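Shown next: work.cif, given as mmCIF, C-alpha atoms.
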data_target
loop_
_atom_site.label_atom_id
_atom_site.label_comp_id
_atom_site.auth_asym_id
_atom_site.auth_seq_id
_atom_site.Cartn_x
_atom_site.Cartn_y
_atom_site.Cartn_z
CA MET J 1 159.65 37.31 -85.55
CA ASP J 2 158.02 33.88 -85.26
CA TYR J 3 160.44 32.85 -82.52
CA TYR J 4 159.75 36.01 -80.52
CA SER J 5 155.99 35.82 -81.19
CA GLY J 6 155.92 32.24 -79.92
CA LEU J 7 157.45 33.33 -76.62
CA LYS J 8 155.06 36.26 -76.26
CA ILE J 9 151.99 34.14 -77.10
CA HIS J 10 153.01 31.54 -74.53
CA ASN J 11 153.86 34.03 -71.77
CA SER J 12 150.93 36.43 -72.25
CA GLN J 13 148.25 36.11 -69.61
CA SER J 14 145.74 38.09 -71.67
CA GLN J 15 143.92 36.35 -74.53
CA HIS J 16 143.73 39.75 -76.21
CA TRP J 17 147.53 40.03 -76.42
CA ARG J 18 147.88 36.40 -77.45
CA LYS J 19 145.68 37.13 -80.47
CA ILE J 20 147.59 40.32 -81.26
CA TRP J 21 150.92 38.47 -81.37
CA LEU J 22 149.37 35.68 -83.43
CA VAL J 23 147.89 38.10 -85.98
CA LEU J 24 151.18 40.01 -86.15
CA SER J 25 153.17 36.85 -86.83
CA VAL J 26 150.71 35.52 -89.41
CA GLY J 27 150.53 38.91 -91.10
CA ILE J 28 154.30 39.19 -91.43
CA ASN J 29 154.62 35.63 -92.75
CA LEU J 30 151.91 36.02 -95.37
CA GLY J 31 153.10 39.55 -96.15
CA PHE J 32 156.58 38.37 -97.10
CA LEU J 33 155.17 35.45 -99.08
CA SER J 34 152.69 37.65 -100.94
CA PHE J 35 155.28 40.33 -101.69
CA PHE J 36 157.95 38.04 -103.10
CA LYS J 37 155.80 35.38 -104.76
CA TYR J 38 152.51 37.04 -105.69
CA TYR J 39 153.01 40.80 -106.13
CA ASN J 40 153.63 40.61 -109.89
CA PHE J 41 150.71 38.22 -110.34
CA PHE J 42 148.25 40.50 -108.55
CA ALA J 43 149.59 43.57 -110.37
CA HIS J 44 149.13 41.97 -113.80
CA SER J 45 145.73 40.52 -112.86
CA PHE J 46 144.49 43.93 -111.68
CA ALA J 47 145.72 45.57 -114.89
CA ASP J 48 144.00 42.89 -117.00
CA MET J 49 140.77 43.37 -115.05
CA MET J 50 140.85 47.14 -115.60
CA MET J 51 141.50 46.62 -119.30
CA THR J 52 138.70 44.06 -119.69
CA GLY J 53 136.06 45.73 -117.52
CA PHE J 54 136.79 49.44 -117.98
CA HIS J 55 138.89 49.48 -121.17
CA TYR J 56 141.53 51.37 -119.22
CA LYS J 57 145.13 50.50 -120.00
CA MET J 58 147.41 50.66 -116.98
CA ASN J 59 151.18 50.83 -116.81
CA VAL J 60 152.03 48.19 -114.21
CA SER J 61 155.12 48.46 -112.06
CA THR J 62 156.48 44.98 -111.38
CA LEU J 63 159.36 43.69 -109.30
CA SER J 64 162.50 42.20 -110.84
CA ILE J 65 163.69 40.35 -107.75
CA LEU J 66 164.79 36.84 -106.88
CA LEU J 67 162.36 34.62 -105.01
CA PRO J 68 164.02 33.57 -101.72
CA VAL J 69 164.81 29.86 -101.78
CA GLY J 70 162.19 27.78 -100.00
CA ILE J 71 160.06 30.73 -98.87
CA SER J 72 156.78 28.81 -99.26
CA PHE J 73 158.04 25.98 -97.09
CA TYR J 74 159.72 27.82 -94.24
CA THR J 75 156.77 30.23 -94.15
CA PHE J 76 154.48 27.27 -93.46
CA HIS J 77 156.97 25.94 -90.88
CA GLY J 78 156.83 29.25 -89.03
CA LEU J 79 153.06 29.49 -89.26
CA SER J 80 152.49 25.97 -87.92
CA TYR J 81 154.87 26.77 -85.04
CA VAL J 82 152.94 29.86 -83.84
CA PHE J 83 149.56 28.17 -84.47
CA ASP J 84 150.53 25.19 -82.32
CA ILE J 85 151.78 27.45 -79.52
CA TYR J 86 148.59 29.51 -79.69
CA ASN J 87 146.49 26.33 -79.50
CA ARG J 88 148.67 25.13 -76.59
CA LYS J 89 149.83 22.01 -78.42
CA ILE J 90 153.50 22.79 -77.77
CA GLU J 91 155.62 25.11 -75.69
CA PRO J 92 157.92 27.55 -77.50
CA SER J 93 161.59 26.81 -77.98
CA THR J 94 163.89 28.92 -75.82
CA ASN J 95 166.94 28.18 -77.98
CA PHE J 96 167.04 30.31 -81.11
CA VAL J 97 169.63 28.10 -82.84
CA GLN J 98 167.47 25.00 -82.37
CA TYR J 99 164.39 26.87 -83.57
CA SER J 100 166.30 28.11 -86.64
CA LEU J 101 167.37 24.55 -87.44
CA PHE J 102 163.74 23.42 -87.29
CA VAL J 103 162.61 26.19 -89.67
CA SER J 104 165.47 25.94 -92.17
CA PHE J 105 166.62 22.30 -91.96
CA PHE J 106 168.49 22.05 -95.26
CA PRO J 107 167.25 18.70 -96.68
CA LEU J 108 163.62 19.86 -96.76
CA LEU J 109 164.13 23.58 -97.33
CA VAL J 110 163.52 23.72 -101.09
CA ALA J 111 160.48 21.46 -101.54
CA GLY J 112 159.47 19.87 -98.28
CA PRO J 113 158.10 17.89 -96.68
CA ILE J 114 156.45 20.60 -94.60
CA GLU J 115 157.40 19.69 -91.05
CA ARG J 116 155.52 20.36 -87.82
CA ALA J 117 157.17 21.71 -84.71
CA THR J 118 155.49 18.94 -82.72
CA HIS J 119 157.37 16.36 -84.83
CA LEU J 120 160.75 17.86 -85.76
CA LEU J 121 161.57 20.25 -82.91
CA PRO J 122 161.81 17.49 -80.23
CA GLN J 123 164.28 15.67 -82.51
CA VAL J 124 166.36 18.84 -82.78
CA GLU J 125 166.42 19.32 -79.03
CA LYS J 126 167.61 15.83 -78.07
CA PRO J 127 171.11 14.36 -78.63
CA ARG J 128 171.56 12.21 -81.73
CA HIS J 129 174.05 9.44 -82.39
CA PHE J 130 175.14 7.81 -85.62
CA ASP J 131 173.18 4.66 -86.37
CA TYR J 132 174.66 2.45 -89.08
CA SER J 133 171.42 0.66 -90.03
CA ARG J 134 169.48 3.93 -90.26
CA ALA J 135 172.26 5.47 -92.34
CA VAL J 136 172.20 2.53 -94.77
CA ASP J 137 168.42 2.85 -95.01
CA GLY J 138 168.83 6.57 -95.67
CA LEU J 139 171.33 5.94 -98.48
CA ARG J 140 168.97 3.39 -100.01
CA GLN J 141 166.15 5.94 -100.04
CA ILE J 142 168.47 8.60 -101.49
CA LEU J 143 169.35 6.22 -104.33
CA TRP J 144 165.68 5.59 -105.02
CA GLY J 145 165.00 9.34 -105.00
CA LEU J 146 167.86 10.00 -107.42
CA PHE J 147 166.54 7.28 -109.72
CA LYS J 148 163.09 8.91 -109.70
CA LYS J 149 164.49 12.38 -110.37
CA VAL J 150 167.33 11.78 -112.82
CA VAL J 151 166.21 8.68 -114.70
CA ILE J 152 162.40 8.96 -114.70
CA ALA J 153 161.46 12.62 -114.17
CA ASP J 154 164.21 14.22 -116.26
CA ASN J 155 163.66 11.92 -119.23
CA CYS J 156 159.90 12.38 -119.04
CA ALA J 157 160.46 16.15 -118.80
CA GLN J 158 162.21 16.23 -122.16
CA ILE J 159 159.20 14.64 -123.89
CA ALA J 160 156.71 16.78 -121.95
CA ASN J 161 158.61 19.94 -122.90
CA ILE J 162 158.69 18.98 -126.58
CA VAL J 163 154.92 18.49 -126.63
CA PHE J 164 153.77 21.32 -124.36
CA ASN J 165 156.11 23.92 -125.85
CA ASN J 166 154.71 23.29 -129.34
CA SER J 167 151.33 21.77 -128.56
CA ASP J 168 149.46 23.50 -131.40
CA HIS J 169 151.41 21.45 -133.94
CA HIS J 170 151.12 17.99 -132.36
CA THR J 171 148.62 15.20 -132.93
CA ALA J 172 146.11 14.08 -130.31
CA SER J 173 148.19 11.00 -129.51
CA ALA J 174 151.26 13.19 -128.97
CA LEU J 175 149.27 15.52 -126.70
CA ILE J 176 148.09 12.57 -124.61
CA LEU J 177 151.66 11.30 -124.48
CA GLY J 178 152.88 14.74 -123.34
CA ALA J 179 150.31 14.85 -120.54
CA LEU J 180 151.29 11.35 -119.42
CA MET J 181 154.98 12.22 -119.45
CA PHE J 182 154.34 15.34 -117.37
CA THR J 183 152.32 13.21 -114.95
CA PHE J 184 155.35 11.00 -114.32
CA GLN J 185 157.72 13.96 -114.43
CA ILE J 186 156.03 15.87 -111.63
CA TYR J 187 155.69 12.73 -109.50
CA GLY J 188 159.32 11.74 -110.08
CA ASP J 189 160.51 15.26 -109.29
CA PHE J 190 158.47 15.91 -106.16
CA SER J 191 158.50 12.44 -104.63
CA GLY J 192 162.11 11.89 -105.71
CA TYR J 193 163.13 15.08 -103.93
CA SER J 194 161.20 13.98 -100.85
CA ASP J 195 162.97 10.60 -100.85
CA ILE J 196 166.35 12.34 -101.07
CA ALA J 197 165.35 14.71 -98.27
CA LEU J 198 164.10 11.91 -95.99
CA GLY J 199 167.18 9.78 -96.70
CA THR J 200 169.58 12.66 -96.08
CA ALA J 201 167.84 13.57 -92.83
CA ARG J 202 168.06 9.94 -91.68
CA LEU J 203 171.85 10.08 -92.08
CA PHE J 204 171.86 12.81 -89.45
CA GLY J 205 169.47 11.02 -87.11
CA PHE J 206 166.25 12.80 -88.11
CA GLU J 207 163.00 11.21 -89.23
CA LEU J 208 160.97 13.52 -91.45
CA LEU J 209 157.29 13.22 -92.30
CA ARG J 210 156.43 10.96 -95.21
CA ASN J 211 155.34 13.03 -98.20
CA PHE J 212 154.22 10.56 -100.90
CA ALA J 213 152.61 7.12 -100.67
CA TYR J 214 152.17 5.79 -104.22
CA PRO J 215 149.41 8.27 -105.20
CA TYR J 216 148.99 6.96 -108.75
CA PHE J 217 147.66 3.68 -107.34
CA SER J 218 144.73 5.49 -105.72
CA ARG J 219 141.14 4.34 -106.27
CA ASP J 220 139.50 7.75 -105.91
CA ILE J 221 140.56 11.39 -105.72
CA ALA J 222 140.14 11.49 -101.93
CA GLU J 223 142.66 8.66 -101.60
CA PHE J 224 144.95 10.41 -104.10
CA TRP J 225 145.09 13.48 -101.86
CA ARG J 226 145.85 11.35 -98.82
CA ARG J 227 148.85 10.02 -100.72
CA TRP J 228 150.06 13.05 -102.72
CA HIS J 229 152.17 15.73 -100.99
CA ILE J 230 150.89 14.43 -97.67
CA SER J 231 152.54 17.10 -95.53
CA LEU J 232 150.92 19.92 -97.52
CA SER J 233 147.48 18.29 -97.58
CA SER J 234 147.55 17.66 -93.83
CA TRP J 235 148.80 21.22 -93.22
CA PHE J 236 145.83 22.72 -95.04
CA LYS J 237 143.48 20.31 -93.30
CA ASP J 238 144.73 21.18 -89.80
CA TYR J 239 145.34 24.92 -90.20
CA LEU J 240 142.69 25.96 -92.73
CA TYR J 241 139.98 23.33 -93.22
CA PHE J 242 139.31 22.60 -89.54
CA PRO J 243 139.45 26.29 -88.43
CA LEU J 244 136.89 27.08 -91.17
CA GLY J 245 134.60 24.51 -89.61
CA GLY J 246 135.62 21.39 -91.51
CA SER J 247 132.65 19.13 -92.13
CA ARG J 248 130.69 20.62 -89.23
CA GLY J 249 127.72 22.84 -90.00
CA GLY J 250 126.08 21.01 -92.86
CA MET J 251 126.90 19.94 -96.39
CA LEU J 252 127.01 23.44 -97.89
CA LYS J 253 129.75 24.54 -95.51
CA THR J 254 131.62 21.30 -96.09
CA VAL J 255 131.55 21.89 -99.85
CA ARG J 256 132.57 25.52 -99.36
CA ASN J 257 135.48 24.62 -97.11
CA THR J 258 136.63 21.88 -99.49
CA PHE J 259 136.71 24.30 -102.41
CA ILE J 260 138.58 26.87 -100.32
CA ILE J 261 141.42 24.54 -99.37
CA PHE J 262 141.81 23.22 -102.92
CA LEU J 263 141.79 26.69 -104.46
CA VAL J 264 144.30 27.95 -101.88
CA SER J 265 146.41 24.84 -102.42
CA GLY J 266 146.46 25.50 -106.14
CA PHE J 267 147.42 29.14 -105.64
CA TRP J 268 150.13 28.11 -103.18
CA HIS J 269 151.86 26.13 -105.91
CA GLY J 270 152.36 29.10 -108.19
CA ALA J 271 151.27 32.60 -109.16
CA ASN J 272 149.14 31.74 -112.19
CA TRP J 273 145.42 31.20 -112.76
CA THR J 274 146.26 27.77 -114.17
CA PHE J 275 147.09 26.57 -110.67
CA VAL J 276 143.82 27.94 -109.29
CA VAL J 277 141.87 26.07 -112.00
CA TRP J 278 143.89 22.93 -111.25
CA GLY J 279 142.87 23.23 -107.60
CA GLY J 280 139.26 23.85 -108.56
CA LEU J 281 139.20 20.79 -110.81
CA ASN J 282 140.46 18.59 -107.98
CA ALA J 283 137.76 20.06 -105.74
CA LEU J 284 135.16 19.10 -108.33
CA PHE J 285 136.64 15.62 -108.71
CA ILE J 286 136.50 15.00 -104.96
CA MET J 287 132.93 16.32 -104.56
CA PRO J 288 131.18 12.94 -105.07
CA SER J 289 133.25 11.49 -102.22
CA VAL J 290 132.43 14.47 -100.01
CA ILE J 291 128.70 14.56 -100.79
CA PHE J 292 128.17 10.81 -100.45
CA LYS J 293 130.62 10.62 -97.52
CA THR J 294 132.84 7.98 -99.13
CA ASN J 295 136.05 10.02 -98.83
CA ARG J 296 137.33 7.72 -96.06
CA LYS J 297 136.49 4.54 -97.94
CA ASN J 298 139.89 3.52 -99.33
CA LEU J 299 142.25 3.83 -96.39
CA GLU J 300 144.28 0.66 -96.86
CA THR J 301 146.79 -0.02 -99.63
CA VAL J 302 145.20 -1.26 -102.84
CA ALA J 303 145.30 -5.07 -103.24
CA GLN J 304 147.01 -5.32 -99.87
CA GLY J 305 148.78 -8.66 -99.48
CA LYS J 306 148.03 -9.58 -103.09
CA LEU J 307 150.05 -9.44 -106.27
CA PHE J 308 147.26 -8.12 -108.52
CA PRO J 309 144.20 -5.90 -107.95
CA ASN J 310 140.74 -7.13 -108.78
CA LEU J 311 138.88 -5.79 -111.81
CA ARG J 312 136.95 -3.22 -109.77
CA GLU J 313 140.11 -1.82 -108.18
CA LEU J 314 141.86 -1.71 -111.55
CA LEU J 315 138.99 0.24 -113.09
CA GLN J 316 138.92 2.66 -110.15
CA MET J 317 142.67 3.26 -110.46
CA VAL J 318 142.43 3.88 -114.20
CA ILE J 319 139.59 6.41 -113.80
CA THR J 320 141.36 8.23 -110.95
CA PHE J 321 144.62 8.30 -112.88
CA ALA J 322 142.85 9.66 -115.99
CA LEU J 323 141.24 12.49 -113.98
CA THR J 324 144.61 13.31 -112.43
CA VAL J 325 146.34 13.42 -115.82
CA PHE J 326 143.62 15.74 -117.15
CA ALA J 327 144.07 18.13 -114.22
CA TRP J 328 147.86 18.14 -114.64
CA ILE J 329 147.41 19.73 -118.09
CA PHE J 330 146.35 22.96 -116.37
CA PHE J 331 149.24 22.68 -113.93
CA ARG J 332 151.77 22.44 -116.78
CA ALA J 333 150.21 24.85 -119.29
CA GLU J 334 151.65 28.35 -119.56
CA SER J 335 148.20 29.97 -119.43
CA LEU J 336 144.53 29.08 -119.34
CA SER J 337 144.23 29.66 -123.08
CA HIS J 338 147.16 27.30 -123.65
CA ALA J 339 145.48 24.63 -121.50
CA PHE J 340 142.17 24.93 -123.35
CA ARG J 341 143.91 24.74 -126.73
CA TYR J 342 145.80 21.68 -125.53
CA ILE J 343 142.61 19.93 -124.42
CA LYS J 344 140.80 20.95 -127.62
CA GLY J 345 143.64 19.38 -129.61
CA ILE J 346 143.16 16.08 -127.81
CA PHE J 347 139.42 15.87 -128.51
CA SER J 348 139.36 17.40 -131.98
CA GLN J 349 141.85 15.04 -133.63
CA SER J 350 142.22 11.34 -134.18
CA ILE J 351 144.15 9.63 -131.39
CA PHE J 352 145.41 7.01 -133.84
CA ALA J 353 147.71 9.40 -135.72
CA SER J 354 151.45 8.96 -135.19
CA THR J 355 153.03 10.89 -132.32
CA ASN J 356 156.30 11.70 -134.16
CA VAL J 357 157.94 12.13 -130.75
CA PRO J 358 161.21 10.23 -130.18
CA LEU J 359 160.86 8.09 -127.05
CA GLY J 360 163.90 5.81 -127.12
CA VAL J 361 163.98 3.47 -124.12
CA LEU J 362 161.83 5.77 -121.96
CA PRO J 363 158.68 3.58 -122.12
CA VAL J 364 160.71 0.62 -120.83
CA LEU J 365 162.13 2.70 -117.97
CA VAL J 366 158.67 3.96 -116.99
CA VAL J 367 157.17 0.45 -117.06
CA VAL J 368 160.02 -0.93 -114.93
CA PHE J 369 159.58 1.99 -112.53
CA LEU J 370 155.84 1.34 -112.21
CA ILE J 371 156.44 -2.38 -111.58
CA MET J 372 158.95 -1.56 -108.83
CA GLU J 373 156.53 0.94 -107.28
CA TRP J 374 153.68 -1.59 -107.41
CA LEU J 375 155.72 -4.39 -105.84
CA GLY J 376 156.92 -2.07 -103.09
CA ARG J 377 153.65 -0.18 -102.52
CA GLU J 378 153.22 -1.50 -98.96
CA ASN J 379 156.61 -0.08 -97.91
CA LYS J 380 157.60 3.49 -97.08
CA TYR J 381 159.48 3.60 -100.38
CA ALA J 382 159.66 1.03 -103.15
CA ILE J 383 163.05 -0.59 -102.41
CA GLU J 384 162.89 -0.32 -98.61
CA LYS J 385 162.72 -4.10 -98.08
CA LEU J 386 165.79 -4.87 -100.20
CA LYS J 387 167.76 -5.73 -97.09
CA ALA J 388 170.31 -8.38 -96.27
CA GLY J 389 168.65 -11.68 -95.39
CA LYS J 390 165.43 -10.89 -97.30
CA VAL J 391 166.75 -10.59 -100.85
CA PRO J 392 169.75 -12.50 -102.28
CA ALA J 393 172.89 -10.37 -102.27
CA ILE J 394 173.50 -10.75 -106.00
CA ALA J 395 169.98 -9.50 -106.83
CA ARG J 396 170.12 -6.70 -104.26
CA TRP J 397 173.49 -5.32 -105.24
CA GLY J 398 172.79 -5.89 -108.92
CA LEU J 399 169.77 -3.62 -108.64
CA TYR J 400 171.67 -0.98 -106.65
CA TYR J 401 174.51 -0.79 -109.17
CA THR J 402 172.11 -0.79 -112.12
CA MET J 403 170.19 2.13 -110.63
CA ALA J 404 173.41 3.99 -109.82
CA ALA J 405 174.72 3.39 -113.36
CA LEU J 406 171.48 4.72 -114.87
CA VAL J 407 171.67 7.82 -112.68
CA TYR J 408 175.24 8.37 -113.89
CA VAL J 409 174.34 7.79 -117.56
CA TYR J 410 171.39 10.19 -117.53
CA ALA J 411 172.97 12.85 -115.32
CA ASN J 412 173.90 14.94 -118.37
CA ASN J 413 170.22 15.20 -119.29
CA GLU J 414 169.34 16.88 -116.00
CA GLN J 415 166.25 19.10 -116.18
CA VAL J 416 165.26 21.98 -113.94
CA PHE J 417 163.51 20.79 -110.78
CA ILE J 418 159.79 21.17 -111.38
CA TYR J 419 159.27 23.47 -108.37
CA PHE J 420 161.69 26.04 -109.79
CA GLN J 421 159.67 26.33 -112.99
CA PHE J 422 156.71 27.83 -111.16
#

Represent the structure contained in this file as structure tokens.
Amino acid sequence: MDYYSGLKIHNSQSQHWRKIWLVLSVGINLGFLSFFKYYNFFAHSFADMMMTGFHYKMNVSTLSILLPVGISFYTFHGLSYVFDIYNRKIEPSTNFVQYSLFVSFFPLLVAGPIERATHLLPQVEKPRHFDYSRAVDGLRQILWGLFKKVVIADNCAQIANIVFNNSDHHTASALILGALMFTFQIYGDFSGYSDIALGTARLFGFELLRNFAYPYFSRDIAEFWRRWHISLSSWFKDYLYFPLGGSRGGMLKTVRNTFIIFLVSGFWHGANWTFVVWGGLNALFIMPSVIFKTNRKNLETVAQGKLFPNLRELLQMVITFALTVFAWIFFRAESLSHAFRYIKGIFSQSIFASTNVPLGVLPVLVVVFLIMEWLGRENKYAIEKLKAGKVPAIARWGLYYTMAALVYVYANNEQVFIYFQF
């Protein structure tokens, strides 16, 4: 439908028919997404509202169906395609096979990055040839992504699951530890997947959009969202924030539009009110930057060209990281009541009590991971510059084989990819 709508939008001489085809395409896209991903959520929410407001108990009919793999991502691919044609940024593809490859390119299908037709479609349409240096670079990024996913995220997930699944019986220090472990779990899962996707695409001659840029080294929430899930943030900015008016029309509209994109972003991640609250919290956190117009302040990499940040930058990173960890509690919690109980447990108990959570060598792995990320923060991915001629062969290959060995050792502890949990 998107392919056909793109052709009709481009070829229609009447603006009236161009809008009709656009609305039809958008309606079908969002209709499928809402039906498969959000029908049960809305049905339960409506029943709860009737019970709370009118004391009327409803028998809700829900759907026991499988969610199509990657529906959130290829829906946004299709939407961006028809939007760009409607806005005359691109011309429609006349080859259905090439268009289908753009929409459902397998490395990014499950969890992104969310590609634009203006970026990926021209690469699909032109001939590609094997490039040894690009392939090696792709394999290096795949290795780094596997290390993030299997060694860091999956091990952190085990601790996070222990704490969150029985949070009412853990100490404050254990609850803080669980939130921290989930913070690294979700980053390792999402950014690790993106690294694997980008590396795999590079093997086939494609360059995908960068999706993560060391977000936990951000100095404010605005910078965090320029570095976290970049393709999604830019998608909402271009196709929702700007059409709503962006920052034009005064501060009230700017605040309104900011809250809208964060709330929609939260809801996009999953059908639960916890995600909406998570989005709302991030909107609140970013408000000072929006109101005082400092949201474009930290554009360069922190401590660029230096080994260590200054005291001010360190304090800014710690505060931003703490706010992010707090918001992630809502993202991970099973319900709003669970999230509030979790937070209450942190502030109502002594943080000096023992955690009683077995950590093993995980703290060492996380610290090593953070050091590698910090040293490589000016690159596209942390080990990008480990190339022949720049790093001694024994150090380079020693690191590669150590990472590969750790991936092999921890492969049996594999946890469900975070996106599939929601």

| Counting all atoms listed in the file, what is within 7 Å of stretch 292-308 of chain J, bar same-chain residues fewer than 2 positions away, as a ChimeraX atom specification? | /J:222-223,288-290,310,378

| said: For a quick check of understanding, using all atoms listed in the file, which of J:Asn40, J:Asn272, J:Thr324, J:Ser5 has the smallest distance to J:Tyr187? | reply: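 Using all atoms listed in the file, J:Tyr187 sits closest to J:Thr324.
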
| Quick one: distance from atom CA of J:Phe41 to atom CA of J:Ala271 in Å, one decimal? | 5.8 Å

| Answer key for the PyMOL selection byres ((chain J and resi 175) around 10), residues as a ChimeraX atom specification | /J:160,163-164,166-174,176-181,329,342-343,345-346,351,355

| query | Which is closest to J:Ile261 among J:Phe340, J:Phe242, J:Phe236, J:Phe275, if we use only C-alpha atoms? | reply |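 Checking each of J:Phe340, J:Phe242, J:Phe236, J:Phe275 against J:Ile261, counting only C-alpha atoms, the winner is J:Phe236.
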
Matched chain/residue IDs from the PyMOL selection byres ((chain J and resi 249-258) around 12), as a short mmCIF file (atom, residue, chain, number, x, y, z; two decimals) with C-alpha atoms, keeping the file's coordinate frame:
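Contents of selection_34.cif, freshly written:
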data_model
loop_
_atom_site.label_atom_id
_atom_site.label_comp_id
_atom_site.auth_asym_id
_atom_site.auth_seq_id
_atom_site.Cartn_x
_atom_site.Cartn_y
_atom_site.Cartn_z
CA ALA J 222 140.14 11.49 -101.93
CA SER J 233 147.48 18.29 -97.58
CA PHE J 236 145.83 22.72 -95.04
CA LYS J 237 143.48 20.31 -93.30
CA LEU J 240 142.69 25.96 -92.73
CA TYR J 241 139.98 23.33 -93.22
CA PHE J 242 139.31 22.60 -89.54
CA PRO J 243 139.45 26.29 -88.43
CA LEU J 244 136.89 27.08 -91.17
CA GLY J 245 134.60 24.51 -89.61
CA GLY J 246 135.62 21.39 -91.51
CA SER J 247 132.65 19.13 -92.13
CA ARG J 248 130.69 20.62 -89.23
CA PHE J 259 136.71 24.30 -102.41
CA ILE J 260 138.58 26.87 -100.32
CA ILE J 261 141.42 24.54 -99.37
CA PHE J 262 141.81 23.22 -102.92
CA LEU J 263 141.79 26.69 -104.46
CA VAL J 264 144.30 27.95 -101.88
CA SER J 265 146.41 24.84 -102.42
CA GLY J 279 142.87 23.23 -107.60
CA GLY J 280 139.26 23.85 -108.56
CA LEU J 281 139.20 20.79 -110.81
CA ASN J 282 140.46 18.59 -107.98
CA ALA J 283 137.76 20.06 -105.74
CA LEU J 284 135.16 19.10 -108.33
CA PHE J 285 136.64 15.62 -108.71
CA ILE J 286 136.50 15.00 -104.96
CA MET J 287 132.93 16.32 -104.56
CA PRO J 288 131.18 12.94 -105.07
CA SER J 289 133.25 11.49 -102.22
CA VAL J 290 132.43 14.47 -100.01
CA ILE J 291 128.70 14.56 -100.79
CA PHE J 292 128.17 10.81 -100.45
CA LYS J 293 130.62 10.62 -97.52
CA ASN J 295 136.05 10.02 -98.83
#

| So how many Å separate atom CA of J:Ile28 and atom CA of J:Val82, to one decimal? |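 So the answer is 12.1 Å.
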
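Shortest atom-to-atom contact with J:Gln316 among J:Gly112, J:Phe206, J:Leu139, J:Tyr216: J:Tyr216, counting all atoms listed in the file.
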
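In terms of minimum interatomic distance to J:Tyr401, J:Arg140 ranks closest within J:Arg227, J:Lys344, J:Lys385, J:Arg140, counting only C-alpha atoms.
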
Using only C-alpha atoms, can you list as a PDB file with C-alpha atoms, keeping the file's coordinate frame the residues within 12 Å of (163.7, 40.2, -108.2)?
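Generated file (part_17.pdb):
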ATOM      1  CA  PHE J  35     155.280  40.330-101.690  1.00  0.00           C
ATOM      2  CA  PHE J  36     157.950  38.040-103.100  1.00  0.00           C
ATOM      3  CA  LYS J  37     155.800  35.380-104.760  1.00  0.00           C
ATOM      4  CA  TYR J  38     152.510  37.040-105.690  1.00  0.00           C
ATOM      5  CA  TYR J  39     153.010  40.800-106.130  1.00  0.00           C
ATOM      6  CA  ASN J  40     153.630  40.610-109.890  1.00  0.00           C
ATOM      7  CA  THR J  62     156.480  44.980-111.380  1.00  0.00           C
ATOM      8  CA  LEU J  63     159.360  43.690-109.300  1.00  0.00           C
ATOM      9  CA  SER J  64     162.500  42.200-110.840  1.00  0.00           C
ATOM     10  CA  ILE J  65     163.690  40.350-107.750  1.00  0.00           C
ATOM     11  CA  LEU J  66     164.790  36.840-106.880  1.00  0.00           C
ATOM     12  CA  LEU J  67     162.360  34.620-105.010  1.00  0.00           C
ATOM     13  CA  PRO J  68     164.020  33.570-101.720  1.00  0.00           C
TER      14      PRO J  68
END

| message | One decimal, in Å: what's the spacing between atom CA of J:Gly138 and atom CA of J:Val69? | response | 24.4 Å

| Long-range neighbours of J:Tyr132 as a PyMOL selection string, 12 Å cut-off, all atoms listed in the file, 3 positions minimum in chain | chain J and resi 129+135-139+202-205

| message | I'd like to know which of J:Ala327, J:Ile394, J:Ala404, J:Ala157 is closest to J:Gly266, using all atoms listed in the file. | response |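 Among J:Ala327, J:Ile394, J:Ala404, J:Ala157, it is J:Ala327 that comes nearest to J:Gly266.
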